[in-house]
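Shown next: entry-v9.txt, given as compact mmCIF, C-alpha atoms.
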```txt
# COMPACT_ATOMS: atom_id res chain seq x y z
CA MET P 20 -19.99 -98.94 -111.65
CA LYS P 21 -20.08 -95.80 -109.52
CA LEU P 22 -18.69 -95.45 -106.00
CA THR P 23 -20.98 -96.00 -103.07
CA ILE P 24 -21.19 -93.24 -100.47
CA CYS P 25 -19.27 -95.53 -98.11
CA GLU P 26 -16.46 -96.00 -100.67
CA LEU P 27 -16.29 -92.27 -101.34
CA SER P 28 -16.12 -91.54 -97.62
CA TYR P 29 -13.31 -94.06 -97.08
CA LEU P 30 -11.42 -92.72 -100.09
CA ASN P 31 -11.71 -89.18 -98.79
CA GLU P 32 -10.22 -90.19 -95.42
CA LEU P 33 -7.53 -92.29 -97.09
CA ILE P 34 -6.57 -89.44 -99.43
CA LEU P 35 -6.28 -87.06 -96.46
CA SER P 36 -4.14 -89.68 -94.75
CA CYS P 37 -1.89 -89.79 -97.83
CA VAL P 38 -1.58 -86.00 -97.80
CA ASN P 39 -0.46 -86.22 -94.18
CA THR P 40 1.96 -89.09 -94.83
CA ILE P 41 3.54 -87.44 -97.87
CA THR P 42 3.86 -84.09 -96.08
CA CYS P 43 5.45 -85.71 -93.04
CA MET P 44 7.77 -87.85 -95.15
CA SER P 45 8.94 -84.71 -96.97
CA LEU P 46 9.92 -83.24 -93.62
CA PHE P 47 11.42 -86.52 -92.40
CA LYS P 48 13.63 -86.94 -95.50
CA ASN P 49 15.13 -83.51 -94.81
CA GLN P 50 15.78 -84.13 -91.12
CA VAL P 51 16.80 -87.80 -90.92
CA GLN P 52 20.44 -88.46 -90.04
CA ASP P 53 20.75 -92.25 -90.28
CA ASN P 54 21.58 -93.33 -93.84
CA GLU P 55 19.65 -96.60 -93.62
CA LEU P 56 16.49 -94.87 -92.37
CA LYS P 57 16.93 -92.18 -95.02
CA SER P 58 17.13 -94.88 -97.69
CA ILE P 59 13.94 -96.50 -96.38
CA LEU P 60 12.11 -93.16 -96.52
CA GLU P 61 13.43 -92.32 -99.99
CA THR P 62 12.46 -95.77 -101.31
CA HIS P 63 8.96 -95.61 -99.83
CA PHE P 64 8.22 -91.99 -100.77
CA PRO P 65 7.43 -92.46 -104.51
CA ILE P 66 5.20 -95.43 -103.67
CA HIS P 67 3.15 -93.20 -101.36
CA ILE P 68 2.88 -90.66 -104.19
CA GLU P 69 1.63 -93.43 -106.51
CA ASP P 70 -0.84 -94.58 -103.84
CA TYR P 71 -2.17 -91.02 -103.46
CA ASN P 72 -2.51 -90.57 -107.24
CA LYS P 73 -4.40 -93.87 -107.62
CA LYS P 74 -6.91 -92.81 -104.96
CA VAL P 75 -7.41 -89.47 -106.68
CA GLU P 76 -8.06 -91.38 -109.94
CA PHE P 77 -10.80 -93.38 -108.23
CA VAL P 78 -12.49 -90.25 -106.88
CA LYS P 79 -12.27 -88.36 -110.17
CA ASP P 80 -13.42 -91.19 -112.45
CA VAL P 81 -13.87 -94.65 -110.98
CA GLU P 82 -14.55 -96.16 -114.41
CA SER P 83 -11.21 -95.17 -115.92
CA ALA P 84 -9.09 -95.59 -112.75
CA SER P 85 -6.34 -98.13 -113.37
CA GLY P 86 -6.53 -99.36 -109.80
CA LYS P 87 -3.28 -101.30 -110.00
CA LEU P 88 -0.81 -100.37 -107.28
CA ASN P 89 2.78 -101.50 -107.67
CA VAL P 90 3.22 -103.33 -104.37
CA PRO P 91 6.87 -103.75 -103.43
CA GLN P 92 8.03 -107.00 -101.92
CA MET P 93 8.76 -106.96 -98.23
CA ASN P 94 12.45 -106.29 -97.74
CA THR P 95 13.93 -107.85 -94.66
CA SER P 96 17.39 -106.94 -93.53
CA ILE P 97 17.32 -108.63 -90.14
CA PHE P 98 15.24 -111.28 -88.48
CA THR P 99 13.54 -110.70 -85.15
CA GLU P 100 15.43 -113.61 -83.60
CA ASP P 101 18.73 -112.00 -84.61
CA VAL P 102 17.98 -108.86 -82.63
CA ASN P 103 19.35 -108.99 -79.12
CA SER P 104 16.06 -109.31 -77.26
CA SER P 105 17.88 -109.30 -73.92
CA LYS P 106 18.68 -105.63 -74.46
CA THR P 107 16.24 -103.18 -72.98
CA ALA P 108 14.84 -100.66 -75.42
CA ILE P 109 16.36 -97.22 -75.07
CA PRO P 110 14.01 -95.14 -72.86
CA VAL P 111 11.89 -92.51 -74.57
CA THR P 112 12.28 -88.88 -73.67
CA VAL P 113 9.21 -86.92 -74.68
CA ASN P 114 10.19 -83.72 -76.47
CA THR P 115 7.69 -80.98 -75.67
CA ASN P 116 9.59 -78.23 -77.47
CA VAL P 117 10.42 -79.69 -80.88
CA GLU P 118 12.50 -77.74 -83.33
CA LYS P 119 13.95 -80.74 -85.11
CA LEU P 120 12.96 -84.39 -84.98
CA ASN P 121 15.52 -87.05 -84.17
CA ASP P 122 15.69 -90.33 -86.08
CA ARG P 123 13.75 -92.24 -83.45
CA GLU P 124 10.92 -89.68 -83.54
CA ILE P 125 10.88 -89.84 -87.33
CA ALA P 126 10.82 -93.64 -87.44
CA ILE P 127 8.17 -93.98 -84.72
CA SER P 128 5.94 -91.39 -86.38
CA TYR P 129 6.22 -93.08 -89.75
CA PHE P 130 5.80 -96.56 -88.23
CA LEU P 131 2.62 -95.59 -86.38
CA THR P 132 1.29 -93.88 -89.52
CA LEU P 133 1.83 -97.06 -91.53
CA LYS P 134 0.15 -99.22 -88.89
CA ARG P 135 -2.89 -96.95 -88.70
CA ALA P 136 -3.12 -96.69 -92.49
CA GLY P 137 -2.94 -100.47 -92.78
CA LYS P 138 -5.90 -100.84 -90.44
CA GLU P 139 -7.88 -98.29 -92.44
CA TYR P 140 -7.05 -100.03 -95.74
CA ALA P 141 -8.16 -103.38 -94.31
CA ILE P 142 -11.49 -101.99 -93.12
CA ALA P 143 -12.12 -100.04 -96.32
CA SER P 144 -11.30 -103.06 -98.52
CA MET P 145 -13.89 -105.17 -96.71
CA GLU P 146 -16.52 -102.47 -97.28
CA ALA P 147 -15.71 -101.88 -100.96
CA THR P 148 -18.24 -103.19 -103.45
CA ASN P 149 -16.29 -102.15 -106.55
CA PRO P 150 -13.95 -105.09 -107.35
CA LYS P 151 -11.23 -102.87 -108.81
CA LEU P 152 -11.30 -100.55 -105.78
CA ARG P 153 -11.38 -103.53 -103.42
CA GLN P 154 -8.25 -105.01 -105.01
CA PHE P 155 -6.49 -101.64 -104.92
CA LEU P 156 -7.26 -101.25 -101.20
CA LYS P 157 -6.01 -104.78 -100.51
CA ASP P 158 -2.79 -103.93 -102.37
CA ALA P 159 -2.44 -100.70 -100.37
CA TYR P 160 -2.88 -102.73 -97.18
CA THR P 161 -0.05 -105.05 -98.27
CA MET P 162 2.11 -102.03 -99.07
CA SER P 163 1.54 -100.65 -95.56
CA CYS P 164 2.36 -104.03 -94.02
CA ASN P 165 5.57 -104.39 -95.99
CA HIS P 166 6.70 -100.84 -95.34
CA SER P 167 5.91 -101.02 -91.64
CA PHE P 168 7.99 -104.19 -91.30
CA GLU P 169 11.04 -102.46 -92.75
CA VAL P 170 10.65 -99.56 -90.33
CA TYR P 171 9.98 -101.98 -87.46
CA GLU P 172 13.24 -103.77 -88.22
CA TRP P 173 15.17 -100.50 -88.19
CA LEU P 174 13.58 -99.54 -84.85
CA ALA P 175 14.28 -102.97 -83.34
CA LYS P 176 17.86 -103.07 -84.59
CA ASN P 177 18.52 -99.70 -82.97
CA ASN P 178 16.83 -100.72 -79.67
CA PHE P 179 14.12 -98.10 -80.15
CA TYR P 180 11.28 -100.61 -80.11
CA PRO P 181 11.04 -103.32 -77.45
CA ILE P 182 11.22 -106.93 -78.53
CA THR P 183 10.37 -109.68 -76.12
CA ILE P 184 10.62 -113.24 -77.37
CA THR P 185 8.20 -115.68 -75.74
CA THR P 186 9.47 -118.44 -73.51
CA GLY P 187 8.70 -122.11 -74.07
CA GLU P 188 6.45 -122.03 -71.00
CA GLN P 189 4.41 -119.12 -72.36
CA THR P 190 3.99 -120.78 -75.74
CA GLY P 191 3.23 -124.12 -74.08
CA ASN P 192 0.51 -122.58 -71.89
CA ILE P 193 -1.33 -121.23 -74.91
CA SER P 194 -0.70 -124.14 -77.27
CA SER P 195 -1.88 -126.66 -74.66
CA ILE P 196 -5.46 -125.34 -74.78
CA TYR P 197 -5.91 -125.98 -78.51
CA ASN P 198 -6.05 -129.28 -80.36
CA PRO P 199 -6.23 -129.96 -84.08
CA ILE P 200 -9.55 -130.90 -85.64
CA ASN P 201 -9.58 -134.33 -87.20
CA LEU P 202 -12.09 -134.74 -90.00
```
Written as structure tokens, that's how I'd like the structure from this file.
Amino acid sequence: MKLTICELSYLNELILSCVNTITCMSLFKNQVQDNELKSILETHFPIHIEDYNKKVEFVKDVESASGKLNVPQMNTSIFTEDVNSSKTAIPVTVNTNVEKLNDREIAISYFLTLKRAGKEYAIASMEATNPKLRQFLKDAYTMSCNHSFEVYEWLAKNNFYPITITTGEQTGNISSIYNPINL
């Protein structure tokens, strides 16, 4: 089964996205100061390389592409409820003359890249007609989700990303408008 023009177009964009992610991660690994964030980047990096290589396989020869991405389990080091949600996130200072990124800038950049890539994987997987490619894109989506959660936790733990836990009243207002369906 050959690729459709839609699949080829998505793969092209996703490969370019991988080039960007890998290039940025190479820079980030050399500039990061926090050991935990460095470990996250170093653990994720080879998986992004594998993801890139799998996409290149699909473009070069869809028939022989293995299509199986090694999706790591989601590692969780903290739980959202354990983060002090009463703390205000540390204000952002926009750096308009960057010579070196700080850890927050690195984590936010990587986090937003993962979120955007996840959305692109989800859309592309729903458009894929090749079952092997479709499964690969679904796996890549899961990889992005799992990786973004690890980065999110680091950001939240360091008060770089705001967390606001809902109140009982807020939850009650929404939950009161829905009722279960009894069949």
What lies within 10 Å of region 52-57 of chain P using all atoms listed in the file, ignoring chain neighbours under 6 positions off, as a short mmCIF file (atom, residue, chain, number, x, y, z; two decimals) with C-alpha atoms, in the coordinates of the input?
```cif
data_model
loop_
_atom_site.label_atom_id
_atom_site.label_comp_id
_atom_site.auth_asym_id
_atom_site.auth_seq_id
_atom_site.Cartn_x
_atom_site.Cartn_y
_atom_site.Cartn_z
CA HIS P 63 8.96 -95.61 -99.83
CA LEU P 120 12.96 -84.39 -84.98
CA ASN P 121 15.52 -87.05 -84.17
CA ASP P 122 15.69 -90.33 -86.08
CA ARG P 123 13.75 -92.24 -83.45
CA ILE P 125 10.88 -89.84 -87.33
CA ALA P 126 10.82 -93.64 -87.44
CA GLU P 169 11.04 -102.46 -92.75
CA VAL P 170 10.65 -99.56 -90.33
CA TRP P 173 15.17 -100.50 -88.19
CA LEU P 174 13.58 -99.54 -84.85
#
```
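Within the 9 Å cut-off around Lys74 (chain P), using all atoms listed in the file and omitting residues fewer than 6 positions from it on the same chain, the listed residues are P:Leu30, P:Asn31, P:Leu33, P:Ile34, P:Ala84, P:Gly86, P:Leu152, P:Phe155.
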Q. So how many Å separate CA of Ser28 (chain P) and CA of Lys73 (chain P), to one decimal?
A.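 Interatomic distance here is 15.6 Å.
Closest approach to Asn89 (chain P) among P:Lys176, P:Lys48, P:His67, P:Lys134: P:His67, based on all atoms listed in the file.
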Q. Which one of P:Asn198, P:Asn49, P:Thr161, P:Asn39 sits closest to Lys119 (chain P) if you count all atoms listed in the file?
A.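 Using all atoms listed in the file, Lys119 (chain P) sits closest to P:Asn49.
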Go ahead and fit an axis-aligned box to every listed atom of region 147-159 of chain P plus 4 Å each side, and pass me the centre and edge lengths in Å, one decimal, as JSON.
```
{"center_x": -10.3, "center_y": -102.8, "center_z": -104.6, "size_x": 23.8, "size_y": 12.5, "size_z": 16.4}
```
Q | Two-atom distance - CA of Pro110 (chain P), CA of Thr183 (chain P) (Å) | A |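 Computing the Euclidean distance for CA of Pro110 (chain P) and CA of Thr183 (chain P) yields 15.3 Å.
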Q) When distances are computed from only C-alpha atoms, which of P:Ile24, P:Lys151, P:Leu60, P:Lys106 shows the smallest separation from Glu82 (chain P)? A) P:Lys151
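Minimum distance to Ile109 (chain P) across P:Ile196, P:Ala143, P:Ile182, P:Leu35 (counting all atoms listed in the file) occurs at P:Ile182.
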Q. CA of Leu88 (chain P) and CA of Gln154 (chain P), how far apart in Å?
A. 9.1 Å
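When only C-alpha atoms are used to measure the gap to Ser128 (chain P), the shortest distance among P:Met93, P:Cys25, P:Cys43, P:Ile68 belongs to P:Cys43.
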**Q.** Best match for closeness to Leu156 (chain P) among P:Val90, P:Val51, P:Leu131, P:Val38, counting all atoms listed in the file
**A.**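 Using all atoms listed in the file, the shortest distance to Leu156 (chain P) belongs to P:Val90.
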